[in-house]
Amino acid sequence: MTTDELERLLAQQPVALLHRLARGRVHRQFRAGKRRLIELLLQHSSHNRAGLESDLQALLEARQSQSASSAQRSQYPLPITRKKATPQTPVPALSEPAISLTGWLEGIGVPEPQPFVPDPWQTDALSALSEIDVVISVPTGSGKTYVAIEAARRAMEDNRTVIYTSPLKALSNTKYTEFSRLFGPDKVGILTGDRQEHSQAPLLIMTTEILRNLLYDAASGEIDVRLDTLGLVILDESQYIADRERGVVWEETIIFCPSQAKLLLLSASIGNPQDIADWLTSIRPTACRLVRHSKRTVPLRAGYLHPNGRLTPLFRTLGIPYGHPTHLHPEAKRLFLEYEEETLPSGRSRR
Amino acid sequence: MPPSIHPVDLVTALRHKQLTPAIVFLTSRRACDEAMEAFDHAELVLPPVRQDAIGTALERVIAQYPSIAEHPLIPIVQRIGVAAHHAGHLPSWKIAIEELMRQGHLDAVFATTTLAAGVDFPARTVVITQSSIRKSRDFTDLTIGEVQQIAGRAGRRGKDHVGFAVITPSPYIDLSVLTKGLTGQPEAIDSQFTISYPMVLNLLKAHPHEHIQGILAKSFAQFQLNQRAELLERKLDLLHTQLEPFGPRVCTDWITQWQTFDHVRRHRPARHQTHRSESPEIAVRLPFLTPGRVVGLHKGRGIVLRQYRSKGQKNSMLTMLRPDGAVTECPVTSVREVYDRTYDCAEMATYPWCSAETFDRLSEQLEDLPPRLPILPILASSPVDTLPDAVVQSLGDFPCPTCSSRTACQKDFPTASRLRQEQQRHTKSIQALRASLWHRFQERVNVLQTFGYLTSTAQLTEDGEWARLIRIDHSLLITELIRAEAFTGADPSLLAGIMASLAHDDDRPGAFPRISAGLSSLLRQVRKLAESLAPHEDPPLLRADVAALAERWVAEPTLTWIGLCRLTTMAEGDIYRLLARTIEFLSQLQTLKGTHPSLADSAAEALTLIRRGVLEELP
């Protein structure tokens, strides 16, 4: 499609569809008139024309199926027609009745204290770490810290230095307190840009920038004894590698990390942990083991709380229906539609 | 119906369903503070036992961080068991709230989404009120990863059987963003590799120039670029097989041959001129060649008597009055010059085409003309570009018209040409992907060479040796300032002020104390330099107002933290962050002890002055 064709096609569409298309593409799109909106859309998607076109096609198809069912409906603003369109898609779970609120709220409470047993993935990661580098990508709160602590303990028993880095000073401070409590204050040190405490301790906590600087200095010949005995480098929150400003620091740290030290990358769930592991395998002397899973230790349920105080489950199922964002609870859907009707700016939502 | 649920109702509802403790994520700091204010007159009061528990827990934190002892929010937190937690607060206050939450004393915390990535801070329930987040002045939808990061705070290991993520709507919420976020796969992450000046200097210090390309090739950025290049290579292979049926024919490179032939064929002018037409240069002259006009010819000059067209002549013709009273005919093409001079001329229909007296007068005037006459500037519009004659004439040289594979070529040409163009495009992209990092590195090297940090052989110069120790943002500006001796004799407070203005990258407006004259003149100098460096490094904001704040803190050792906060409308947490960043920048200057001792001393002095009160509490 050429620009002119696209422009003509856009001009033929109702402005509601253009607003829908502009969501996430054009800032404050609801303030622009139709012509300006078309201009902005073309301008903002100049680098991703294909994406705009495919979204437009999808919207047009949705509209067509709408107008087929009811010619009048397509006159409504799109945010609402879209919500109404959801039940049209075949929903396999529709045959089962939706979960009730009491069922959804069941099981709240504090579990009995149980002796701690490490999960299989945790032992797996730890055993791999004695030989090779490990990348861990698991959901928040499923016990990455246990692996870090246990790995640090083992390395320290081996008379090896351990460096633990985090992206934020606040996190470094929390970990400093936590590790000092666990290993004893003289075993743990912290290095920030301007201050050092117990800088000769076997477990050193610092921000990633500080470690990068240490590695720079080591590479240019200013030898730091701490790097000679370095056995393990733990990079917490390593999804920061995708941070626009600071991501490069993580890459440098990993590239310059001494080869005798093992790397342990802890990361929240990301889409392509395999890439990270493959990359490490390609540049490090040993292969890299990827440990990933998406199962949460504490299961999650989603709810919807209406401004009038009514609480309902958000999805039809008890847990989160992964991969099925449209399996909404009928009650939540009804309440949200009601909400949108009432709060959307006048003239857009009134029938 | 209210546009969003009232904070008091929200907490009541959560308590009622035993969904506490909860973290409520709100759009802005202001929303968090307003939510707290909403509790001012609420009837919701904790039982005394829990109030006391919060009190004792807080005392323990206060013993460690005395700065929060007088915090204005303590009474309300203690009374209702709800707190706010955002970047406008002091780190020590945030630690206190985190500690209270960890021990289970609080029912709800109102927080901004920065918390989701920041600290280890779980609860039974998270409440999500928004589907977009402010990122540098713009609101963007939450990514799947961000939604899961937020929802991940729900459910404490060992303390909860289940965690809850509760969505409560507010204006402009897009439910589908959140449902997709909860149920989807997090996005793949991409490398954000950038090459900074200190990186170049440090790499070249440790490794010879020719090894650098190998080091850059080890980056995740290159790994991902290679992945894309491999994808393109696969496409290239496919194109190669698709191009196979279009291999060599009668001529080896028949695609190019046909392309040229086709082009020439389409653009060849018609063989015969069927109508009379002048070239544009001539055509624009015609209106000026009226009776009485003086023109220059091959030999001498003349006055136009008439202009006419005659059958059998390609061009318009002129009748001219020449010197000595001769009347001659000539085509318009023989006119060399059209002069800016005309005489009155009474026209007649027969020879000599003007009245007798005019003829005599014109003859005289022609004799009396000055030797140099002004030329009439006549602008011809540029001719439509035609193929160069050489190509047109060589059309006879193409074998195509008589070639045996002519029909096949004609039929296949569109497909083959498209495929070949794609092939060329992919090849170029692959080259760019493979070499882009190295090119970016080279660009940086060139800049550093022009500024004299690197020699022409990419060795570190004397300046480069110390400049590589400055490893923060705006490093080029800082090192250039040092070389320009902008800081010579600058006392610690000035230095701190400048570093603060370099370090602060937030454009949140506010009221600030007055700036001193010395700092203001120094800042002007810094701004000028920053502007001149703009092509090589993005200039910092260089706000004078925040600089004044840091200056005051260093210059007046008696100024208390409360006093400093009173000087400005900036939030406490922001002031803390400003000073902490200033410390970071100053400690970089401190590393230049060997080469710039007086600057390093001044920085060290500023550091000791800056570190007091609240700033001393945290390591």
# chains A, B, ... in the order shown; residues from 1 in each chain; ligands from 1
>>> select_by_dssp(residues="region 85-261 of chain A", states="strand (DSSP E or B)", output="PyMOL selection string")
chain A and resi 133-137+161-166+188-191+196-197+203-207+230-235
>>> interface_residues(of="chain A", to="chain B", cutoff="6 Å", atoms="only C-alpha atoms", output="MDAnalysis selection string")
chainID A and resid 109:111 140 171 193:194 219:220 242 244 247:248 270:272 283 298:307 322:323 325
>>> select_by_dssp(residues="region 66-269 of chain B", states="alpha helix (DSSP H)", output="JSON, numbers by chain")
{"B": [74, 75, 76, 77, 78, 79, 80, 91, 92, 93, 94, 95, 96, 97, 98, 99, 100, 101, 102, 114, 115, 116, 117, 118, 144, 145, 146, 147, 148, 149, 150, 151, 175, 176, 177, 178, 179, 180, 181, 182, 183, 197, 198, 199, 200, 201, 202, 203, 204, 205, 206, 212, 213, 214, 215, 216, 220, 221, 222, 223, 224, 225, 226, 227, 228, 229, 230, 231, 232, 233, 234, 235, 236, 237, 238, 239, 240, 241, 242, 243, 254, 255, 256, 257, 258, 259, 260, 261, 262, 263, 264, 265, 266, 267]}
>>> residues_around(residues="Gln12 (chain A)", least_positions_apart="5", cutoff="12 Å", atoms="only C-alpha atoms", output="MDAnalysis selection string")
chainID A and resid 5:7 17:18 34:35 38 60
>>> residues_around(residues="Tyr453 (chain B)", least_positions_apart="4", cutoff="12 Å", atoms="only C-alpha atoms", output="PyMOL selection string")
chain B and resi 197-198+200-202+204-205+444-449+457-468+476+479-480+483
>>> decode(residues="region 319-334 of chain A", atoms="all heavy atoms", output="PDB file, in the first residue's frame")
ATOM      1  N   GLY A 319      -7.935 -19.396  38.459  1.00  0.00           N
ATOM      2  CA  GLY A 319      -6.607 -18.822  38.271  1.00  0.00           C
ATOM      3  C   GLY A 319      -6.603 -17.912  37.055  1.00  0.00           C
ATOM      4  O   GLY A 319      -7.642 -17.571  36.499  1.00  0.00           O
ATOM      5  N   ILE A 320      -5.418 -17.524  36.650  1.00  0.00           N
ATOM      6  CA  ILE A 320      -5.290 -16.674  35.467  1.00  0.00           C
ATOM      7  C   ILE A 320      -5.331 -17.561  34.225  1.00  0.00           C
ATOM      8  O   ILE A 320      -4.542 -18.506  34.140  1.00  0.00           O
ATOM      9  CB  ILE A 320      -3.943 -15.921  35.504  1.00  0.00           C
ATOM     10  CG1 ILE A 320      -3.778 -15.163  36.810  1.00  0.00           C
ATOM     11  CG2 ILE A 320      -3.784 -15.033  34.282  1.00  0.00           C
ATOM     12  CD1 ILE A 320      -4.278 -13.781  36.827  1.00  0.00           C
ATOM     13  N   PRO A 321      -6.238 -17.322  33.282  1.00  0.00           N
ATOM     14  CA  PRO A 321      -6.275 -18.158  32.070  1.00  0.00           C
ATOM     15  C   PRO A 321      -5.185 -17.740  31.090  1.00  0.00           C
ATOM     16  O   PRO A 321      -5.438 -16.933  30.203  1.00  0.00           O
ATOM     17  CB  PRO A 321      -7.669 -17.884  31.511  1.00  0.00           C
ATOM     18  CG  PRO A 321      -7.980 -16.510  31.975  1.00  0.00           C
ATOM     19  CD  PRO A 321      -7.272 -16.282  33.269  1.00  0.00           C
ATOM     20  N   TYR A 322      -3.979 -18.299  31.259  1.00  0.00           N
ATOM     21  CA  TYR A 322      -2.854 -17.859  30.435  1.00  0.00           C
ATOM     22  C   TYR A 322      -3.144 -18.083  28.955  1.00  0.00           C
ATOM     23  O   TYR A 322      -3.623 -19.136  28.573  1.00  0.00           O
ATOM     24  CB  TYR A 322      -1.573 -18.572  30.860  1.00  0.00           C
ATOM     25  CG  TYR A 322      -1.105 -18.073  32.203  1.00  0.00           C
ATOM     26  CD1 TYR A 322      -1.332 -18.802  33.361  1.00  0.00           C
ATOM     27  CD2 TYR A 322      -0.479 -16.836  32.317  1.00  0.00           C
ATOM     28  CE1 TYR A 322      -0.943 -18.322  34.600  1.00  0.00           C
ATOM     29  CE2 TYR A 322      -0.084 -16.348  33.549  1.00  0.00           C
ATOM     30  CZ  TYR A 322      -0.320 -17.091  34.683  1.00  0.00           C
ATOM     31  OH  TYR A 322       0.052 -16.595  35.888  1.00  0.00           O
ATOM     32  N   GLY A 323      -2.875 -17.066  28.179  1.00  0.00           N
ATOM     33  CA  GLY A 323      -3.099 -17.154  26.737  1.00  0.00           C
ATOM     34  C   GLY A 323      -4.515 -16.853  26.305  1.00  0.00           C
ATOM     35  O   GLY A 323      -4.827 -16.898  25.123  1.00  0.00           O
ATOM     36  N   HIS A 324      -5.422 -16.606  27.251  1.00  0.00           N
ATOM     37  CA  HIS A 324      -6.812 -16.315  26.879  1.00  0.00           C
ATOM     38  C   HIS A 324      -7.272 -15.022  27.533  1.00  0.00           C
ATOM     39  O   HIS A 324      -8.048 -15.038  28.485  1.00  0.00           O
ATOM     40  CB  HIS A 324      -7.745 -17.454  27.307  1.00  0.00           C
ATOM     41  CG  HIS A 324      -7.413 -18.747  26.658  1.00  0.00           C
ATOM     42  ND1 HIS A 324      -7.761 -19.027  25.360  1.00  0.00           N
ATOM     43  CD2 HIS A 324      -6.730 -19.819  27.109  1.00  0.00           C
ATOM     44  CE1 HIS A 324      -7.321 -20.224  25.045  1.00  0.00           C
ATOM     45  NE2 HIS A 324      -6.690 -20.734  26.085  1.00  0.00           N
ATOM     46  N   PRO A 325      -6.817 -13.889  27.028  1.00  0.00           N
ATOM     47  CA  PRO A 325      -7.173 -12.627  27.684  1.00  0.00           C
ATOM     48  C   PRO A 325      -8.663 -12.301  27.591  1.00  0.00           C
ATOM     49  O   PRO A 325      -9.135 -11.427  28.291  1.00  0.00           O
ATOM     50  CB  PRO A 325      -6.341 -11.592  26.922  1.00  0.00           C
ATOM     51  CG  PRO A 325      -6.029 -12.209  25.628  1.00  0.00           C
ATOM     52  CD  PRO A 325      -5.941 -13.682  25.870  1.00  0.00           C
ATOM     53  N   THR A 326      -9.405 -12.987  26.747  1.00  0.00           N
ATOM     54  CA  THR A 326     -10.813 -12.620  26.570  1.00  0.00           C
ATOM     55  C   THR A 326     -11.748 -13.430  27.463  1.00  0.00           C
ATOM     56  O   THR A 326     -12.952 -13.206  27.428  1.00  0.00           O
ATOM     57  CB  THR A 326     -11.237 -12.822  25.117  1.00  0.00           C
ATOM     58  OG1 THR A 326     -10.954 -14.169  24.760  1.00  0.00           O
ATOM     59  CG2 THR A 326     -10.498 -11.874  24.213  1.00  0.00           C
ATOM     60  N   HIS A 327     -11.206 -14.355  28.239  1.00  0.00           N
ATOM     61  CA  HIS A 327     -12.081 -15.163  29.096  1.00  0.00           C
ATOM     62  C   HIS A 327     -12.497 -14.374  30.332  1.00  0.00           C
ATOM     63  O   HIS A 327     -12.210 -14.774  31.454  1.00  0.00           O
ATOM     64  CB  HIS A 327     -11.364 -16.440  29.519  1.00  0.00           C
ATOM     65  CG  HIS A 327     -11.266 -17.421  28.412  1.00  0.00           C
ATOM     66  ND1 HIS A 327     -11.054 -18.761  28.627  1.00  0.00           N
ATOM     67  CD2 HIS A 327     -11.352 -17.277  27.084  1.00  0.00           C
ATOM     68  CE1 HIS A 327     -11.014 -19.382  27.475  1.00  0.00           C
ATOM     69  NE2 HIS A 327     -11.186 -18.488  26.525  1.00  0.00           N
ATOM     70  N   LEU A 328     -13.168 -13.257  30.115  1.00  0.00           N
ATOM     71  CA  LEU A 328     -13.545 -12.426  31.252  1.00  0.00           C
ATOM     72  C   LEU A 328     -14.771 -12.988  31.953  1.00  0.00           C
ATOM     73  O   LEU A 328     -15.620 -13.645  31.345  1.00  0.00           O
ATOM     74  CB  LEU A 328     -13.853 -11.003  30.770  1.00  0.00           C
ATOM     75  CG  LEU A 328     -12.664 -10.192  30.282  1.00  0.00           C
ATOM     76  CD1 LEU A 328     -13.108  -8.803  29.903  1.00  0.00           C
ATOM     77  CD2 LEU A 328     -11.595 -10.112  31.357  1.00  0.00           C
ATOM     78  N   HIS A 329     -14.852 -12.705  33.218  1.00  0.00           N
ATOM     79  CA  HIS A 329     -16.034 -13.061  33.985  1.00  0.00           C
ATOM     80  C   HIS A 329     -17.196 -12.193  33.500  1.00  0.00           C
ATOM     81  O   HIS A 329     -17.027 -10.977  33.327  1.00  0.00           O
ATOM     82  CB  HIS A 329     -15.761 -12.802  35.467  1.00  0.00           C
ATOM     83  CG  HIS A 329     -16.741 -13.459  36.375  1.00  0.00           C
ATOM     84  ND1 HIS A 329     -17.945 -12.896  36.681  1.00  0.00           N
ATOM     85  CD2 HIS A 329     -16.684 -14.639  37.038  1.00  0.00           C
ATOM     86  CE1 HIS A 329     -18.601 -13.707  37.507  1.00  0.00           C
ATOM     87  NE2 HIS A 329     -17.849 -14.775  37.737  1.00  0.00           N
ATOM     88  N   PRO A 330     -18.378 -12.778  33.257  1.00  0.00           N
ATOM     89  CA  PRO A 330     -19.471 -11.973  32.692  1.00  0.00           C
ATOM     90  C   PRO A 330     -19.833 -10.776  33.563  1.00  0.00           C
ATOM     91  O   PRO A 330     -20.123  -9.688  33.043  1.00  0.00           O
ATOM     92  CB  PRO A 330     -20.635 -12.954  32.595  1.00  0.00           C
ATOM     93  CG  PRO A 330     -20.197 -14.210  33.232  1.00  0.00           C
ATOM     94  CD  PRO A 330     -18.723 -14.194  33.384  1.00  0.00           C
ATOM     95  N   GLU A 331     -19.765 -10.960  34.869  1.00  0.00           N
ATOM     96  CA  GLU A 331     -20.130  -9.874  35.763  1.00  0.00           C
ATOM     97  C   GLU A 331     -19.115  -8.726  35.664  1.00  0.00           C
ATOM     98  O   GLU A 331     -19.488  -7.562  35.557  1.00  0.00           O
ATOM     99  CB  GLU A 331     -20.184 -10.418  37.204  1.00  0.00           C
ATOM    100  CG  GLU A 331     -20.705  -9.455  38.238  1.00  0.00           C
ATOM    101  CD  GLU A 331     -22.168  -9.092  38.030  1.00  0.00           C
ATOM    102  OE1 GLU A 331     -22.832  -9.701  37.183  1.00  0.00           O
ATOM    103  OE2 GLU A 331     -22.635  -8.151  38.720  1.00  0.00           O
ATOM    104  N   ALA A 332     -17.828  -9.083  35.651  1.00  0.00           N
ATOM    105  CA  ALA A 332     -16.787  -8.058  35.542  1.00  0.00           C
ATOM    106  C   ALA A 332     -16.924  -7.314  34.223  1.00  0.00           C
ATOM    107  O   ALA A 332     -16.787  -6.092  34.163  1.00  0.00           O
ATOM    108  CB  ALA A 332     -15.409  -8.713  35.629  1.00  0.00           C
ATOM    109  N   LYS A 333     -17.255  -8.062  33.180  1.00  0.00           N
ATOM    110  CA  LYS A 333     -17.384  -7.445  31.868  1.00  0.00           C
ATOM    111  C   LYS A 333     -18.535  -6.442  31.863  1.00  0.00           C
ATOM    112  O   LYS A 333     -18.411  -5.322  31.371  1.00  0.00           O
ATOM    113  CB  LYS A 333     -17.626  -8.540  30.833  1.00  0.00           C
ATOM    114  CG  LYS A 333     -17.399  -8.080  29.441  1.00  0.00           C
ATOM    115  CD  LYS A 333     -17.016  -9.229  28.539  1.00  0.00           C
ATOM    116  CE  LYS A 333     -18.092 -10.285  28.520  1.00  0.00           C
ATOM    117  NZ  LYS A 333     -17.628 -11.504  27.865  1.00  0.00           N
ATOM    118  N   ARG A 334     -19.664  -6.883  32.465  1.00  0.00           N
ATOM    119  CA  ARG A 334     -20.843  -6.024  32.492  1.00  0.00           C
ATOM    120  C   ARG A 334     -20.538  -4.736  33.272  1.00  0.00           C
ATOM    121  O   ARG A 334     -20.822  -3.628  32.810  1.00  0.00           O
ATOM    122  CB  ARG A 334     -22.009  -6.771  33.163  1.00  0.00           C
ATOM    123  CG  ARG A 334     -23.354  -6.083  33.009  1.00  0.00           C
ATOM    124  CD  ARG A 334     -24.422  -6.846  33.746  1.00  0.00           C
ATOM    125  NE  ARG A 334     -24.216  -6.891  35.191  1.00  0.00           N
ATOM    126  CZ  ARG A 334     -24.448  -5.883  36.012  1.00  0.00           C
ATOM    127  NH1 ARG A 334     -24.893  -4.748  35.544  1.00  0.00           N
ATOM    128  NH2 ARG A 334     -24.235  -6.001  37.307  1.00  0.00           N
TER     129      ARG A 334
END
